[in-house]
Amino acid sequence: MQVLQRSQTIVRYQNNNDKIYYGIVENDEILQLTSNFTEIQNNELKFDGVKVKYNDVNILEPVSPSKVINFGWTYAAHAKETGGKANLKEPFLFLKPASSLIPNQGEIILPSSDLTKQVEMEGEVALVIGKRGKNIKEEEALDYVFGCTVFNDVTARDLTKADPQFTRGKGFDTFGPLGPCIVTGIDPTNLRIVTSLNGKVVQDGNTNQMSLSIPFLISWISKVMTLEPGDVLATGSPAGSCPMKSGDVVSVEVENIGKLVNYVK
């Protein structure tokens, strides 16, 4: 069995027989792997000889995390526009449940109007952790990042403003679009993020604008909870978050990674 020495773009998908695989994207094809995520993050990329067309399979969330960690108000302008505090010394921390995750092309289901009347998008870069870590030193933090993906931190803004903490406003089913792929070997500290609503750009930022650095965030959270391989760390949203309604199409594009597109219902 051939062992691939290097990968760039990794997807997780379901084939026509409902079996789930990881694969390496090359142009419009996927090189199917027999490796699980643990093997992949250890660079044991085993190609079984099968190639499938990208458009012929069901692309899933690129990883199945033990937890989705979210850092809020890491961009000063977004903190101000949402009633938060800019230039914090520590991030505003919250978690999203795994039940919130949906893949690229998945549907964001709006809760009934008696629960929330203001659902907004937040385009973000997300980190996928590659190895277990606790009390990580800031200067070593990026060594724990397996790769980067795209995240949409869908938010019931009226609830996050009303509640003492963010669990309800952030935790509805389908409020965590993630994907479509993981890209390895890129620097997460300088990536442009462009979010569009029905083709109109509403957010345009860069991770280099963050008031708290990504290495700091990784080190900081590892002092609170152990990071496990596959965990997702959403690094926060630039300014421009705005409401969505049924029928809208929202896309989050991050340079060197790709575009995450979802449909609001």
# chains A, B, ... in the order shown; residues from 1 in each chain; ligands from 1
>>> select_by_dssp(residues="stretch 60-107 of chain A", states="strand (DSSP E)", output="PyMOL selection string")
chain A and resi 68-72+92-96+101-102+107
>>> residues_around(residues="A:Ile24", least_positions_apart="3", cutoff="6 Å", atoms="only C-alpha atoms", output="short mmCIF file (atom, residue, chain, number, x, y, z; two decimals) with N, CA and C atoms, in the first residue's frame")
data_model
loop_
_atom_site.label_atom_id
_atom_site.label_comp_id
_atom_site.auth_asym_id
_atom_site.auth_seq_id
_atom_site.Cartn_x
_atom_site.Cartn_y
_atom_site.Cartn_z
N THR A 9 -4.51 19.56 1.24
CA THR A 9 -5.93 19.80 1.49
C THR A 9 -6.63 18.49 1.80
N ILE A 10 -7.23 18.39 2.98
CA ILE A 10 -7.83 17.15 3.48
C ILE A 10 -9.32 17.35 3.66
N ILE A 30 -10.49 13.32 -5.37
CA ILE A 30 -10.06 13.04 -4.00
C ILE A 30 -9.33 11.71 -3.99
N LEU A 31 -8.11 11.71 -3.46
CA LEU A 31 -7.36 10.47 -3.27
C LEU A 31 -7.81 9.87 -1.94
#
>>> residues_around(residues="stretch 158-175 of chain A", least_positions_apart="2", cutoff="8 Å", atoms="only C-alpha atoms", output="PyMOL selection string")
chain A and resi 83+94-97+99-102+107-109+111+116-119+152-156+177
>>> write_last_selection(atoms="N, CA and C atoms", output="JSON list (two decimals), in the first residue's frame")
[["chain", "number", "residue", "atom", "x", "y", "z"],
["A", 83, "GLY", "N", -21.52, 45.19, 21.17],
["A", 83, "GLY", "CA", -21.70, 45.57, 22.56],
["A", 83, "GLY", "C", -20.70, 44.96, 23.51],
["A", 94, "PHE", "N", -16.35, 30.80, 25.08],
["A", 94, "PHE", "CA", -17.55, 29.99, 25.12],
["A", 94, "PHE", "C", -17.34, 28.74, 24.28],
["A", 95, "LEU", "N", -18.18, 27.74, 24.48],
["A", 95, "LEU", "CA", -18.12, 26.47, 23.75],
["A", 95, "LEU", "C", -19.38, 26.30, 22.91],
["A", 96, "LYS", "N", -19.25, 25.61, 21.80],
["A", 96, "LYS", "CA", -20.41, 25.20, 21.01],
["A", 96, "LYS", "C", -20.54, 23.69, 21.09],
["A", 97, "PRO", "N", -21.77, 23.16, 21.17],
["A", 97, "PRO", "CA", -21.94, 21.72, 21.18],
["A", 97, "PRO", "C", -21.68, 21.11, 19.81],
["A", 99, "SER", "N", -23.50, 19.16, 18.33],
["A", 99, "SER", "CA", -24.78, 19.13, 17.61],
["A", 99, "SER", "C", -25.02, 20.38, 16.78],
["A", 100, "SER", "N", -24.21, 21.42, 16.99],
["A", 100, "SER", "CA", -24.35, 22.65, 16.20],
["A", 100, "SER", "C", -23.66, 22.54, 14.84],
["A", 101, "LEU", "N", -22.77, 21.56, 14.68],
["A", 101, "LEU", "CA", -21.94, 21.50, 13.47],
["A", 101, "LEU", "C", -22.72, 21.00, 12.26],
["A", 102, "ILE", "N", -22.50, 21.68, 11.13],
["A", 102, "ILE", "CA", -23.00, 21.24, 9.83],
["A", 102, "ILE", "C", -21.88, 21.44, 8.81],
["A", 107, "GLU", "N", -27.63, 23.24, 5.64],
["A", 107, "GLU", "CA", -28.66, 24.24, 5.89],
["A", 107, "GLU", "C", -28.58, 24.76, 7.33],
["A", 108, "ILE", "N", -28.58, 26.08, 7.46],
["A", 108, "ILE", "CA", -28.70, 26.75, 8.75],
["A", 108, "ILE", "C", -30.19, 26.91, 9.02],
["A", 109, "ILE", "N", -30.69, 26.23, 10.03],
["A", 109, "ILE", "CA", -32.12, 26.26, 10.33],
["A", 109, "ILE", "C", -32.39, 27.33, 11.39],
["A", 111, "PRO", "N", -34.19, 29.19, 14.28],
["A", 111, "PRO", "CA", -35.17, 28.85, 15.31],
["A", 111, "PRO", "C", -36.45, 29.66, 15.11],
["A", 116, "THR", "N", -35.90, 33.51, 18.96],
["A", 116, "THR", "CA", -34.96, 34.56, 18.58],
["A", 116, "THR", "C", -35.46, 35.27, 17.34],
["A", 117, "LYS", "N", -35.18, 36.54, 17.26],
["A", 117, "LYS", "CA", -35.59, 37.34, 16.11],
["A", 117, "LYS", "C", -34.40, 37.96, 15.39],
["A", 118, "GLN", "N", -33.18, 37.60, 15.78],
["A", 118, "GLN", "CA", -31.99, 38.21, 15.18],
["A", 118, "GLN", "C", -30.85, 37.21, 15.12],
["A", 119, "VAL", "N", -30.74, 36.50, 14.01],
["A", 119, "VAL", "CA", -29.67, 35.52, 13.81],
["A", 119, "VAL", "C", -28.67, 36.10, 12.83],
["A", 152, "ASN", "N", -18.26, 29.32, 10.59],
["A", 152, "ASN", "CA", -19.27, 30.38, 10.68],
["A", 152, "ASN", "C", -19.92, 30.27, 12.05],
["A", 153, "ASP", "N", -19.61, 31.22, 12.91],
["A", 153, "ASP", "CA", -20.14, 31.22, 14.27],
["A", 153, "ASP", "C", -21.53, 31.87, 14.25],
["A", 154, "VAL", "N", -22.52, 31.12, 13.80],
["A", 154, "VAL", "CA", -23.88, 31.64, 13.72],
["A", 154, "VAL", "C", -24.38, 31.97, 15.13],
["A", 155, "THR", "N", -25.00, 33.14, 15.25],
["A", 155, "THR", "CA", -25.29, 33.70, 16.57],
["A", 155, "THR", "C", -26.69, 34.31, 16.62],
["A", 156, "ALA", "N", -27.46, 33.95, 17.65],
["A", 156, "ALA", "CA", -28.70, 34.65, 17.94],
["A", 156, "ALA", "C", -28.34, 35.89, 18.77],
["A", 177, "PRO", "N", -21.54, 25.94, 11.11],
["A", 177, "PRO", "CA", -20.98, 25.48, 9.83],
["A", 177, "PRO", "C", -19.46, 25.41, 9.88]]
>>> atom_distance(atom1="atom CA of A:Val57", atom2="atom CA of A:Glu44")
23.2 Å
>>> residues_around(residues="A:Leu233", least_positions_apart="4", cutoff="9 Å", atoms="only C-alpha atoms", output="ChimeraX atom specification")
/A:67-71,125-129,218
>>> select_by_dssp(residues="stretch 23-265 of chain A", states="helix (DSSP H, G or I)", output="number ranges by chain")
A: 37-41, 54-56, 76-81, 98-100, 138-144, 157-162, 167-170, 207-209, 214-222
>>> write_last_selection(atoms="C-alpha atoms", output="CSV table (one decimal), in the first residue's frame")
chain,number,residue,atom,x,y,z
A,37,PHE,CA,-7.6,11.1,11.9
A,38,THR,CA,-5.0,9.9,14.4
A,39,GLU,CA,-2.9,8.4,11.7
A,40,ILE,CA,-3.3,11.5,9.5
A,41,GLN,CA,-2.2,13.9,12.1
A,54,TYR,CA,-15.1,15.7,-5.6
A,55,ASN,CA,-18.6,16.4,-6.8
A,56,ASP,CA,-19.7,12.7,-6.6
A,76,ALA,CA,-11.7,45.2,18.4
A,77,ALA,CA,-14.2,46.5,15.8
A,78,HIS,CA,-16.4,43.4,16.1
A,79,ALA,CA,-16.4,43.7,19.9
A,80,LYS,CA,-17.6,47.3,19.6
A,81,GLU,CA,-20.3,46.5,17.1
A,98,ALA,CA,-21.1,19.1,18.5
A,99,SER,CA,-24.8,19.1,17.6
A,100,SER,CA,-24.4,22.6,16.2
A,138,GLU,CA,3.1,30.4,23.7
A,139,GLU,CA,6.3,30.0,21.7
A,140,GLU,CA,5.4,26.4,21.0
A,141,ALA,CA,1.7,26.9,20.4
A,142,LEU,CA,1.6,26.7,16.6
A,143,ASP,CA,3.3,23.3,16.8
A,144,TYR,CA,0.0,21.9,18.1
A,157,ARG,CA,-27.6,38.2,18.7
A,158,ASP,CA,-30.6,39.2,20.7
A,159,LEU,CA,-30.0,36.2,23.0
A,160,THR,CA,-26.3,36.8,23.6
A,161,LYS,CA,-27.1,40.4,24.5
A,162,ALA,CA,-29.9,39.3,26.9
A,167,THR,CA,-24.6,29.1,25.5
A,168,ARG,CA,-28.1,29.6,24.3
A,169,GLY,CA,-27.4,32.2,21.6
A,170,LYS,CA,-24.6,30.2,20.1
A,207,THR,CA,-6.3,37.4,11.3
A,208,ASN,CA,-3.4,39.9,11.6
A,209,GLN,CA,-6.0,42.4,12.9
A,214,ILE,CA,-3.3,33.0,18.0
A,215,PRO,CA,-0.3,31.6,19.9
A,216,PHE,CA,-1.5,33.4,23.0
A,217,LEU,CA,-5.0,32.0,22.6
A,218,ILE,CA,-3.8,28.4,22.3
A,219,SER,CA,-1.5,28.7,25.3
A,220,TRP,CA,-4.2,30.5,27.3
A,221,ILE,CA,-6.9,27.9,26.7
A,222,SER,CA,-4.5,25.0,27.3
>>> residues_around(residues="A:Leu60", least_positions_apart="5", cutoff="6 Å", atoms="only C-alpha atoms", output="number ranges by chain")
A: 12-13, 103
>>> residues_around(residues="A:Pro91", least_positions_apart="5", cutoff="7 Å", atoms="only C-alpha atoms", output="PyMOL selection string")
chain A and resi 71-74
>>> residues_around(residues="A:Lys19", least_positions_apart="2", cutoff="12 Å", atoms="only C-alpha atoms", output="list in words")
Arg12, Tyr13, Gln14, Asn15, Asn16, Asn17, Tyr21, Tyr22, Gln32, Thr34, Val57, Asn58, Ile59 and Leu60 of chain A
>>> closest_residue(among="A:Val183, A:Val261, A:Val201, A:Cys148", to="A:Asp231", atoms="only C-alpha atoms")
A:Cys148
>>> closest_residue(among="A:Thr226, A:Asn198, A:Asn190, A:Asn87", to="A:Leu212", atoms="only C-alpha atoms")
A:Asn87
>>> closest_residue(among="A:Leu110, A:Val150, A:Leu45, A:Ile186", to="A:Pro62", atoms="only C-alpha atoms")
A:Val150
>>> closest_residue(among="A:Met121, A:Leu88, A:Ala234, A:Val11", to="A:Ile182", atoms="only C-alpha atoms")
A:Val11
